[in-house]
>>> print(open('final_33.cif').read())   # mmCIF, C-alpha atoms and all ligand atoms
data_data
#
loop_
_atom_site.group_PDB
_atom_site.id
_atom_site.type_symbol
_atom_site.label_atom_id
_atom_site.label_comp_id
_atom_site.auth_asym_id
_atom_site.auth_seq_id
_atom_site.Cartn_x
_atom_site.Cartn_y
_atom_site.Cartn_z
ATOM 1 C CA MET A 1 0.000 0.000 0.000
ATOM 2 C CA ASP A 2 1.278 3.516 -0.679
ATOM 3 C CA PHE A 3 1.730 5.604 2.450
ATOM 4 C CA THR A 4 -1.282 7.887 1.923
ATOM 5 C CA SER A 5 -3.645 4.934 1.522
ATOM 6 C CA LEU A 6 -2.035 3.207 4.496
ATOM 7 C CA SER A 7 -2.405 6.149 6.882
ATOM 8 C CA ASN A 8 -5.907 7.001 5.632
ATOM 9 C CA SER A 9 -7.126 3.442 6.062
ATOM 10 C CA HIS A 10 -6.145 3.219 9.757
ATOM 11 C CA ARG A 11 -8.877 2.158 12.165
ATOM 12 C CA SER A 12 -8.347 0.672 15.619
ATOM 13 C CA ILE A 13 -9.576 -2.919 15.496
ATOM 14 C CA ARG A 14 -11.300 -4.420 18.529
ATOM 15 C CA GLN A 15 -12.635 -7.721 17.099
ATOM 16 C CA TYR A 16 -10.161 -10.350 15.887
ATOM 17 C CA LYS A 17 -10.138 -13.759 14.208
ATOM 18 C CA ASP A 18 -8.099 -16.378 16.030
ATOM 19 C CA THR A 19 -5.847 -16.880 12.969
ATOM 20 C CA PRO A 20 -2.254 -16.986 14.226
ATOM 21 C CA ILE A 21 0.404 -14.551 13.006
ATOM 22 C CA SER A 22 3.406 -16.321 11.515
ATOM 23 C CA GLU A 23 6.766 -15.949 13.228
ATOM 24 C CA GLU A 24 8.152 -14.469 10.027
ATOM 25 C CA LEU A 25 5.488 -11.753 9.768
ATOM 26 C CA LEU A 26 5.775 -10.873 13.454
ATOM 27 C CA ASN A 27 9.527 -10.529 13.018
ATOM 28 C CA GLU A 28 9.004 -8.147 10.081
ATOM 29 C CA ILE A 29 6.703 -6.030 12.253
ATOM 30 C CA LEU A 30 9.178 -6.008 15.127
ATOM 31 C CA HIS A 31 12.025 -5.218 12.787
ATOM 32 C CA ALA A 32 10.084 -2.176 11.534
ATOM 33 C CA ALA A 33 9.686 -1.092 15.172
ATOM 34 C CA THR A 34 13.410 -1.253 15.787
ATOM 35 C CA ARG A 35 14.173 0.764 12.616
ATOM 36 C CA ALA A 36 12.372 3.822 14.044
ATOM 37 C CA SER A 37 14.363 6.941 14.917
ATOM 38 C CA SER A 38 15.829 6.754 18.390
ATOM 39 C CA SER A 39 17.147 9.443 20.693
ATOM 40 C CA GLY A 40 20.955 9.172 20.589
ATOM 41 C CA ASN A 41 20.340 5.879 18.817
ATOM 42 C CA ILE A 42 20.350 4.321 22.282
ATOM 43 C CA GLN A 43 17.028 2.483 21.832
ATOM 44 C CA PRO A 44 16.065 2.641 25.502
ATOM 45 C CA TYR A 45 13.067 0.341 25.138
ATOM 46 C CA SER A 46 12.142 -3.339 25.153
ATOM 47 C CA ILE A 47 9.198 -5.092 23.541
ATOM 48 C CA ILE A 48 7.593 -8.035 25.333
ATOM 49 C CA ILE A 49 5.622 -10.470 23.130
ATOM 50 C CA SER A 50 2.648 -12.247 24.728
ATOM 51 C CA ARG A 51 1.305 -15.107 22.633
ATOM 52 C CA ASP A 52 0.581 -17.729 25.281
ATOM 53 C CA LYS A 53 -3.174 -17.959 25.901
ATOM 54 C CA ALA A 54 -2.901 -18.498 29.658
ATOM 55 C CA GLU A 55 -0.608 -15.479 29.967
ATOM 56 C CA ARG A 56 -2.969 -13.365 27.846
ATOM 57 C CA GLU A 57 -5.840 -14.366 30.124
ATOM 58 C CA LYS A 58 -3.932 -12.896 33.073
ATOM 59 C CA LEU A 59 -3.127 -9.805 31.017
ATOM 60 C CA TRP A 60 -6.804 -9.447 30.104
ATOM 61 C CA GLU A 61 -7.504 -8.881 33.825
ATOM 62 C CA LEU A 62 -4.680 -6.364 34.103
ATOM 63 C CA HIS A 63 -6.031 -4.476 31.077
ATOM 64 C CA TYR A 64 -9.486 -4.061 32.637
ATOM 65 C CA GLN A 65 -10.919 -7.053 30.782
ATOM 66 C CA GLN A 66 -10.639 -5.687 27.257
ATOM 67 C CA ASP A 67 -11.692 -8.717 25.221
ATOM 68 C CA MET A 68 -9.449 -8.019 22.248
ATOM 69 C CA ILE A 69 -6.551 -9.222 24.421
ATOM 70 C CA LEU A 70 -8.129 -12.684 24.468
ATOM 71 C CA GLN A 71 -9.043 -12.643 20.779
ATOM 72 C CA ALA A 72 -5.939 -11.244 19.071
ATOM 73 C CA PRO A 73 -3.103 -13.778 18.856
ATOM 74 C CA VAL A 74 -0.397 -11.294 19.831
ATOM 75 C CA LEU A 75 -0.079 -8.610 22.483
ATOM 76 C CA LEU A 76 3.037 -6.447 22.453
ATOM 77 C CA THR A 77 4.050 -4.487 25.536
ATOM 78 C CA PHE A 78 6.500 -1.653 24.947
ATOM 79 C CA CYS A 79 8.617 -0.703 27.943
ATOM 80 C CA VAL A 80 11.031 2.113 28.598
ATOM 81 C CA ASP A 81 14.235 0.186 29.267
ATOM 82 C CA TRP A 82 17.441 1.803 30.501
ATOM 83 C CA HIS A 83 18.400 -1.376 32.381
ATOM 84 C CA ARG A 84 20.182 -2.887 29.380
ATOM 85 C CA MET A 85 22.114 0.329 28.684
ATOM 86 C CA ILE A 86 23.082 0.665 32.363
ATOM 87 C CA LYS A 87 24.482 -2.876 32.329
ATOM 88 C CA TRP A 88 26.511 -2.069 29.217
ATOM 89 C CA CYS A 89 27.800 1.156 30.783
ATOM 90 C CA LYS A 90 28.797 -0.666 33.952
ATOM 91 C CA ILE A 91 30.769 -3.373 32.199
ATOM 92 C CA SER A 92 32.373 -0.659 30.050
ATOM 93 C CA ASP A 93 33.488 1.295 33.111
ATOM 94 C CA ALA A 94 31.176 4.173 32.095
ATOM 95 C CA ARG A 95 29.144 5.933 34.799
ATOM 96 C CA PRO A 96 25.391 5.636 33.940
ATOM 97 C CA THR A 97 23.489 8.928 33.928
ATOM 98 C CA TRP A 98 20.075 7.509 33.099
ATOM 99 C CA ASP A 99 18.210 7.223 36.404
ATOM 100 C CA ASN A 100 16.149 10.404 36.148
ATOM 101 C CA PHE A 101 12.816 11.657 34.871
ATOM 102 C CA LEU A 102 14.294 13.105 31.686
ATOM 103 C CA CYS A 103 15.449 9.657 30.615
ATOM 104 C CA TYR A 104 12.041 8.151 31.351
ATOM 105 C CA MET A 105 10.532 10.749 28.984
ATOM 106 C CA VAL A 106 13.203 10.127 26.345
ATOM 107 C CA GLY A 107 12.495 6.397 26.557
ATOM 108 C CA ALA A 108 8.721 6.944 26.410
ATOM 109 C CA GLY A 109 9.189 9.007 23.239
ATOM 110 C CA ASP A 110 11.195 6.214 21.664
ATOM 111 C CA VAL A 111 8.577 3.686 22.754
ATOM 112 C CA PHE A 112 5.787 5.423 20.882
ATOM 113 C CA ILE A 113 7.836 5.984 17.733
ATOM 114 C CA ALA A 114 8.786 2.299 17.664
ATOM 115 C CA ALA A 115 5.232 1.208 18.470
ATOM 116 C CA GLN A 116 3.785 3.286 15.666
ATOM 117 C CA ASN A 117 6.297 1.825 13.198
ATOM 118 C CA ALA A 118 5.099 -1.623 14.299
ATOM 119 C CA ALA A 119 1.477 -0.515 13.872
ATOM 120 C CA LEU A 120 2.066 0.697 10.325
ATOM 121 C CA ALA A 121 4.012 -2.443 9.379
ATOM 122 C CA ALA A 122 1.192 -4.608 10.751
ATOM 123 C CA GLU A 123 -1.510 -2.633 8.954
ATOM 124 C CA ASN A 124 0.497 -2.709 5.746
ATOM 125 C CA ALA A 125 0.438 -6.513 5.997
ATOM 126 C CA GLY A 126 -3.366 -6.571 6.334
ATOM 127 C CA LEU A 127 -3.404 -6.973 10.109
ATOM 128 C CA GLY A 128 -5.341 -4.826 12.570
ATOM 129 C CA ILE A 129 -4.031 -3.198 15.726
ATOM 130 C CA CYS A 130 -5.314 -1.448 18.813
ATOM 131 C CA TYR A 131 -3.223 0.381 21.394
ATOM 132 C CA MET A 132 -3.942 -0.283 25.069
ATOM 133 C CA GLY A 133 -3.937 2.866 27.188
ATOM 134 C CA THR A 134 -4.589 0.649 30.188
ATOM 135 C CA THR A 135 -0.847 -0.078 30.308
ATOM 136 C CA LEU A 136 -0.197 3.352 31.811
ATOM 137 C CA ASN A 137 -3.154 3.050 34.183
ATOM 138 C CA ASN A 138 -1.944 -0.274 35.521
ATOM 139 C CA ALA A 139 1.804 0.055 34.941
ATOM 140 C CA GLN A 140 2.681 -1.015 38.496
ATOM 141 C CA LYS A 141 0.873 -4.370 38.243
ATOM 142 C CA LEU A 142 2.092 -4.952 34.686
ATOM 143 C CA SER A 143 5.643 -4.235 35.792
ATOM 144 C CA ASP A 144 5.270 -6.920 38.493
ATOM 145 C CA PHE A 145 3.613 -9.317 36.021
ATOM 146 C CA PHE A 146 6.457 -9.021 33.523
ATOM 147 C CA GLU A 147 9.071 -9.084 36.310
ATOM 148 C CA CYS A 148 10.590 -5.844 35.054
ATOM 149 C CA PRO A 149 13.898 -5.023 36.733
ATOM 150 C CA ARG A 150 14.831 -1.492 37.876
ATOM 151 C CA ASN A 151 14.876 1.088 35.094
ATOM 152 C CA VAL A 152 12.240 -0.785 33.086
ATOM 153 C CA VAL A 153 8.644 0.526 32.973
ATOM 154 C CA PRO A 154 5.752 -0.607 30.711
ATOM 155 C CA VAL A 155 4.443 2.365 28.727
ATOM 156 C CA THR A 156 2.051 1.101 26.087
ATOM 157 C CA SER A 157 0.729 -2.116 24.587
ATOM 158 C CA MET A 158 -0.795 -3.108 21.287
ATOM 159 C CA VAL A 159 -2.879 -6.069 20.211
ATOM 160 C CA ILE A 160 -2.207 -7.328 16.701
ATOM 161 C CA GLY A 161 -4.259 -9.800 14.701
ATOM 162 C CA TYR A 162 -6.425 -10.477 11.684
ATOM 163 C CA PRO A 163 -9.458 -8.130 11.805
ATOM 164 C CA ASP A 164 -12.914 -9.566 12.336
ATOM 165 C CA GLU A 165 -14.652 -6.226 11.852
ATOM 166 C CA ASP A 166 -14.463 -3.334 9.427
ATOM 167 C CA PRO A 167 -15.315 -0.223 11.413
ATOM 168 C CA ASP A 168 -15.836 3.214 9.889
ATOM 169 C CA ALA A 169 -13.008 5.719 10.096
ATOM 170 C CA ARG A 170 -13.346 7.855 13.227
ATOM 171 C CA ASP A 171 -13.565 11.621 13.200
ATOM 172 C CA ARG A 172 -10.487 13.777 13.674
ATOM 173 C CA LEU A 173 -10.209 17.430 14.617
ATOM 174 C CA PRO A 174 -9.897 19.577 11.495
ATOM 175 C CA MET A 175 -6.319 20.302 10.457
ATOM 176 C CA ASN A 176 -6.642 24.028 11.246
ATOM 177 C CA ALA A 177 -7.483 23.144 14.861
ATOM 178 C CA ILE A 178 -4.119 21.480 15.236
ATOM 179 C CA ILE A 179 -1.679 23.354 13.027
ATOM 180 C CA HIS A 180 -0.148 26.686 14.059
ATOM 181 C CA HIS A 181 2.064 28.835 11.861
ATOM 182 C CA GLU A 182 5.261 30.264 13.331
ATOM 183 C CA LYS A 183 3.742 30.918 16.804
ATOM 184 C CA TYR A 184 1.046 29.337 18.945
ATOM 185 C CA HIS A 185 -2.225 31.100 18.132
ATOM 186 C CA ASP A 186 -4.681 30.771 21.005
ATOM 187 C CA TYR A 187 -8.340 29.962 20.319
ATOM 188 C CA ASP A 188 -11.394 32.046 21.150
ATOM 189 C CA ASP A 189 -14.575 30.273 22.290
ATOM 190 C CA GLU A 190 -16.162 30.445 18.849
ATOM 191 C CA GLN A 191 -13.189 28.736 17.242
ATOM 192 C CA ILE A 192 -13.196 26.044 19.921
ATOM 193 C CA ILE A 193 -16.884 25.339 19.302
ATOM 194 C CA GLU A 194 -16.270 25.228 15.554
ATOM 195 C CA HIS A 195 -13.254 22.909 15.873
ATOM 196 C CA TYR A 196 -15.082 20.447 18.131
ATOM 197 C CA LYS A 197 -18.454 20.550 16.324
ATOM 198 C CA GLN A 198 -17.941 17.391 14.291
ATOM 199 C CA LYS A 199 -16.386 15.490 17.202
ATOM 200 C CA GLU A 200 -19.259 16.530 19.483
ATOM 201 C CA GLU A 201 -21.770 15.063 17.052
ATOM 202 C CA ASP A 202 -19.890 11.928 15.955
ATOM 203 C CA GLY A 203 -18.541 11.099 19.426
ATOM 204 C CA TRP A 204 -21.875 11.580 21.187
ATOM 205 C CA ASN A 205 -23.711 9.453 18.604
ATOM 206 C CA ARG A 206 -21.061 6.734 18.809
ATOM 207 C CA TYR A 207 -21.112 6.536 22.616
ATOM 208 C CA MET A 208 -24.906 6.553 22.700
ATOM 209 C CA SER A 209 -24.904 3.597 20.285
ATOM 210 C CA ILE A 210 -22.874 1.462 22.748
ATOM 211 C CA PRO A 211 -25.456 0.079 25.236
ATOM 212 C CA GLU A 212 -23.132 -0.080 28.297
ATOM 213 C CA LEU A 213 -21.900 3.470 27.699
ATOM 214 C CA LYS A 214 -25.399 4.784 26.975
ATOM 215 C CA GLU A 215 -26.576 3.361 30.296
ATOM 216 C CA LYS A 216 -23.669 5.023 32.135
ATOM 217 C CA ILE A 217 -24.239 8.329 30.332
ATOM 218 C CA ASP A 218 -27.975 8.288 31.044
ATOM 219 C CA LYS A 219 -27.345 7.448 34.699
ATOM 220 C CA SER A 220 -24.721 10.155 35.170
ATOM 221 C CA GLY A 221 -26.929 12.847 33.647
ATOM 222 C CA VAL A 222 -24.124 14.327 31.559
ATOM 223 C CA LYS A 223 -25.271 16.567 28.725
ATOM 224 C CA ASN A 224 -22.499 16.690 26.142
ATOM 225 C CA LEU A 225 -19.380 14.917 24.878
ATOM 226 C CA ALA A 226 -16.909 16.986 26.911
ATOM 227 C CA GLN A 227 -18.812 15.917 30.048
ATOM 228 C CA VAL A 228 -18.674 12.282 28.908
ATOM 229 C CA TYR A 229 -14.896 12.625 28.821
ATOM 230 C CA THR A 230 -14.618 14.336 32.226
ATOM 231 C CA ASP A 231 -17.418 12.660 34.205
ATOM 232 C CA VAL A 232 -17.790 9.189 32.678
ATOM 233 C CA LYS A 233 -14.726 8.034 30.767
ATOM 234 C CA TYR A 234 -11.767 9.758 32.436
ATOM 235 C CA THR A 235 -12.752 11.004 35.872
ATOM 236 C CA LYS A 236 -10.514 13.265 37.919
ATOM 237 C CA ASP A 237 -10.257 10.760 40.779
ATOM 238 C CA GLU A 238 -9.305 7.882 38.486
ATOM 239 C CA ASN A 239 -6.760 10.012 36.646
ATOM 240 C CA ARG A 240 -5.230 11.222 39.909
ATOM 241 C CA MET A 241 -5.035 7.684 41.296
ATOM 242 C CA ALA A 242 -3.381 6.355 38.132
ATOM 243 C CA SER A 243 -0.968 9.319 38.120
ATOM 244 C CA ARG A 244 0.005 8.689 41.735
ATOM 245 C CA SER A 245 0.580 5.027 41.035
ATOM 246 C CA LEU A 246 2.731 5.861 37.985
ATOM 247 C CA ILE A 247 4.784 8.418 39.950
ATOM 248 C CA ASN A 248 5.356 5.771 42.648
ATOM 249 C CA LEU A 249 6.420 3.238 40.022
ATOM 250 C CA LEU A 250 8.817 5.729 38.419
ATOM 251 C CA ASP A 251 10.345 6.342 41.861
ATOM 252 C CA LYS A 252 10.649 2.621 42.495
ATOM 253 C CA GLN A 253 12.201 2.000 39.084
ATOM 254 C CA GLN A 254 14.737 4.808 39.621
ATOM 255 C CA PHE A 255 13.289 7.426 37.278
ATOM 256 C CA GLY A 256 12.138 9.768 40.051
ATOM 257 C CA ASN A 257 15.255 11.975 40.250
ATOM 258 C CA ASN A 258 16.017 10.758 43.793
HETATM 259 C C1 LIG A 301 -1.986 5.465 23.464
HETATM 260 C C2 LIG A 301 -3.332 4.923 23.049
HETATM 261 C C3 LIG A 301 -4.056 4.149 23.934
HETATM 262 C C4 LIG A 301 -5.277 3.587 23.562
HETATM 263 N N1 LIG A 301 -5.925 2.752 24.420
HETATM 264 C C5 LIG A 301 -7.067 2.135 24.045
HETATM 265 C C6 LIG A 301 -7.689 1.193 24.902
HETATM 266 O O1 LIG A 301 -7.215 0.917 26.010
HETATM 267 N N2 LIG A 301 -8.823 0.590 24.461
HETATM 268 C C7 LIG A 301 -9.367 0.870 23.250
HETATM 269 O O2 LIG A 301 -10.397 0.283 22.920
HETATM 270 N N3 LIG A 301 -8.785 1.748 22.398
HETATM 271 C C8 LIG A 301 -7.645 2.379 22.767
HETATM 272 N N4 LIG A 301 -7.018 3.250 21.915
HETATM 273 C C9 LIG A 301 -7.569 3.484 20.572
HETATM 274 C C10 LIG A 301 -8.242 4.851 20.490
HETATM 275 O O3 LIG A 301 -9.480 4.784 21.155
HETATM 276 C C11 LIG A 301 -8.413 5.165 19.004
HETATM 277 O O4 LIG A 301 -7.153 5.337 18.408
HETATM 278 C C12 LIG A 301 -9.248 6.441 18.784
HETATM 279 O O5 LIG A 301 -10.566 6.287 19.263
HETATM 280 C C13 LIG A 301 -9.333 6.803 17.301
HETATM 281 O O6 LIG A 301 -9.857 5.720 16.564
HETATM 282 P P1 LIG A 301 -9.061 5.079 15.352
HETATM 283 O O7 LIG A 301 -7.727 4.598 15.895
HETATM 284 O O8 LIG A 301 -9.909 3.947 14.868
HETATM 285 O O9 LIG A 301 -8.884 6.138 14.322
HETATM 286 C C14 LIG A 301 -5.813 3.848 22.275
HETATM 287 C C15 LIG A 301 -5.091 4.659 21.398
HETATM 288 C C16 LIG A 301 -3.875 5.189 21.771
HETATM 289 C C17 LIG A 301 -3.094 6.023 20.784
#
>>> encode(input="final_33.cif", output="structure tokens", more="lines below")
Ligand SMILES: Cc1cc2nc3c(=O)[nH]c(=O)nc-3n(C[C@H](O)[C@H](O)[C@H](O)COP(=O)(O)O)c2cc1C
Amino acid sequence: MDFTSLSNSHRSIRQYKDTPISEELLNEILHAATRASSSGNIQPYSIIISRDKAEREKLWELHYQQDMILQAPVLLTFCVDWHRMIKWCKISDARPTWDNFLCYMVGAGDVFIAAQNAALAAENAGLGICYMGTTLNNAQKLSDFFECPRNVVPVTSMVIGYPDEDPDARDRLPMNAIIHHEKYHDYDDEQIIEHYKQKEEDGWNRYMSIPELKEKIDKSGVKNLAQVYTDVKYTKDENRMASRSLINLLDKQQFGNN
């Protein structure tokens, strides 16, 4: 596929056939991930492959029971990993300088660039993918599950498999909502309303068409899409709890600047 068709045809896939992915194809996808740009070309990340069904069943729990983890034959977990580099520095008599928050952020940047390369390679081969934001929410438990040593922290995950659905493309903010020329140009209220008009309509209709979400929305009494985001999907308390847990994990894994 040419690149424009590839990027335009992206949809997150949440229903999968149980057709396995060959070792060869998975290696091509992983190779694409490792060819991504990397800060200092250090590649401070690791990718953990979960294929085993029993292991994926445990991971399903840790990802808040998202069923695609059970259906898709492969789950990849991308971790910031300075552990490997630190070992190399130590045996090379070089003093590691990587146990700080900056390096966590550098690693997290590399993680997402590599992950997106994997996503594009998978989609180019006719596979579907879906990222799992639940990795950040439950990073502490996932870190324990994968037995991550110090300086290794799970950042994102992705299911990969043969699609068993063909969803419509989802809305995006218009380009002029996102692009600024030369300086940041702040928005007035009218522009904000204009930029979010399509999302408001499409997002609201989509959520109201999902019975479990509709029930939650009706019960909560929220009136618009922004309120769905703040009061139903991503509440302040849940976000604060997940943030606290992540900060604690970063401290424990030596990224807390202590
Ligand atoms: C970092 C990240 C985390 C995500 N986590 C989840 C998730 O946990 N569950 C899910 O169903 N979709 C998840 N998604 C998919 C988004 O919901 C999806 O990309 C968005 O709704 C746009 O839809 P599209 O990818 O089909 O264009 C995630 C996407 C990203 C980039």
>>> closest_atom_pairs(input="final_33.cif", of="stretch 71-110 of chain A", to="stretch 28-46 of chain A", cutoff="6 Å", atoms="only C-alpha atoms", output="CSV")
residue,atom,partner,partner_atom,distance
A:Phe78,CA,A:Ser46,CA,5.9
A:Cys79,CA,A:Ser46,CA,5.2
A:Val80,CA,A:Tyr45,CA,4.4
A:Asp81,CA,A:Tyr45,CA,4.3
A:Trp82,CA,A:Pro44,CA,5.3
A:Gly107,CA,A:Pro44,CA,5.3
A:Asp110,CA,A:Ser38,CA,5.7
>>> resolve_selection(input="final_33.cif", expression="the PyMOL selection byres (((chain A and resi 225-230) around 9) and not hetatm)", output="compact mmCIF listing (two decimals) with C-alpha atoms, keeping the file's coordinate frame")
# COMPACT_ATOMS: atom_id res chain seq x y z
CA LYS A 199 -16.39 15.49 17.20
CA GLU A 200 -19.26 16.53 19.48
CA GLU A 201 -21.77 15.06 17.05
CA GLY A 203 -18.54 11.10 19.43
CA TRP A 204 -21.88 11.58 21.19
CA TYR A 207 -21.11 6.54 22.62
CA ILE A 217 -24.24 8.33 30.33
CA SER A 220 -24.72 10.15 35.17
CA VAL A 222 -24.12 14.33 31.56
CA LYS A 223 -25.27 16.57 28.72
CA ASN A 224 -22.50 16.69 26.14
CA ASP A 231 -17.42 12.66 34.20
CA VAL A 232 -17.79 9.19 32.68
CA LYS A 233 -14.73 8.03 30.77
CA TYR A 234 -11.77 9.76 32.44
CA THR A 235 -12.75 11.00 35.87
CA LYS A 236 -10.51 13.26 37.92
>>> resolve_selection(input="final_33.cif", expression="the PyMOL selection byres (((not hetatm)) within 8 of (chain A and resi 301))", output="ChimeraX atom specification")
/A:10-14,63,66,130-135,156-157,167-172
>>> closest_residue(input="final_33.cif", among="A:Lys58, A:Lys219, A:Lys17, A:Arg150", to="A:Pro73", atoms="all atoms listed in the file")
A:Lys17
>>> closest_atom_pairs(input="final_33.cif", of="stretch 95-151 of chain A", to="stretch 238-250 of chain A", cutoff="7 Å", atoms="all atoms listed in the file", output="Markdown table")
| residue | atom | partner | partner_atom | distance |
| --- | --- | --- | --- | --- |
| A:Asn137 | CA | A:Ala242 | CA | 5.2 |
| A:Ala139 | CA | A:Leu246 | CA | 6.6 |
| A:Gln140 | CA | A:Leu249 | CA | 5.9 |
>>> atom_distance(input="final_33.cif", atom1="atom CA of A:Pro163", atom2="atom CA of A:Ile113")
23.1 Å
>>> closest_residue(input="final_33.cif", among="A:Asn8, A:Arg51, A:Ile193, A:Tyr184", to="A:Glu23", atoms="all atoms listed in the file")
A:Arg51
>>> atom_distance(input="final_33.cif", atom1="atom CA of A:Arg206", atom2="atom CA of A:Glu165")
16.0 Å
>>> decode(input="final_33.cif", residues="stretch 212-257 of chain A", atoms="C-alpha atoms", output="tab-separated table (two decimals), in the first residue's frame")
chain	number	residue	atom	x	y	z
A	212	GLU	CA	-23.13	-0.08	28.30
A	213	LEU	CA	-21.90	3.47	27.70
A	214	LYS	CA	-25.40	4.78	26.97
A	215	GLU	CA	-26.58	3.36	30.30
A	216	LYS	CA	-23.67	5.02	32.13
A	217	ILE	CA	-24.24	8.33	30.33
A	218	ASP	CA	-27.98	8.29	31.04
A	219	LYS	CA	-27.35	7.45	34.70
A	220	SER	CA	-24.72	10.16	35.17
A	221	GLY	CA	-26.93	12.85	33.65
A	222	VAL	CA	-24.12	14.33	31.56
A	223	LYS	CA	-25.27	16.57	28.73
A	224	ASN	CA	-22.50	16.69	26.14
A	225	LEU	CA	-19.38	14.92	24.88
A	226	ALA	CA	-16.91	16.99	26.91
A	227	GLN	CA	-18.81	15.92	30.05
A	228	VAL	CA	-18.67	12.28	28.91
A	229	TYR	CA	-14.90	12.62	28.82
A	230	THR	CA	-14.62	14.34	32.23
A	231	ASP	CA	-17.42	12.66	34.21
A	232	VAL	CA	-17.79	9.19	32.68
A	233	LYS	CA	-14.73	8.03	30.77
A	234	TYR	CA	-11.77	9.76	32.44
A	235	THR	CA	-12.75	11.00	35.87
A	236	LYS	CA	-10.51	13.26	37.92
A	237	ASP	CA	-10.26	10.76	40.78
A	238	GLU	CA	-9.30	7.88	38.49
A	239	ASN	CA	-6.76	10.01	36.65
A	240	ARG	CA	-5.23	11.22	39.91
A	241	MET	CA	-5.04	7.68	41.30
A	242	ALA	CA	-3.38	6.36	38.13
A	243	SER	CA	-0.97	9.32	38.12
A	244	ARG	CA	0.01	8.69	41.74
A	245	SER	CA	0.58	5.03	41.04
A	246	LEU	CA	2.73	5.86	37.98
A	247	ILE	CA	4.78	8.42	39.95
A	248	ASN	CA	5.36	5.77	42.65
A	249	LEU	CA	6.42	3.24	40.02
A	250	LEU	CA	8.82	5.73	38.42
A	251	ASP	CA	10.34	6.34	41.86
A	252	LYS	CA	10.65	2.62	42.49
A	253	GLN	CA	12.20	2.00	39.08
A	254	GLN	CA	14.74	4.81	39.62
A	255	PHE	CA	13.29	7.43	37.28
A	256	GLY	CA	12.14	9.77	40.05
A	257	ASN	CA	15.26	11.98	40.25
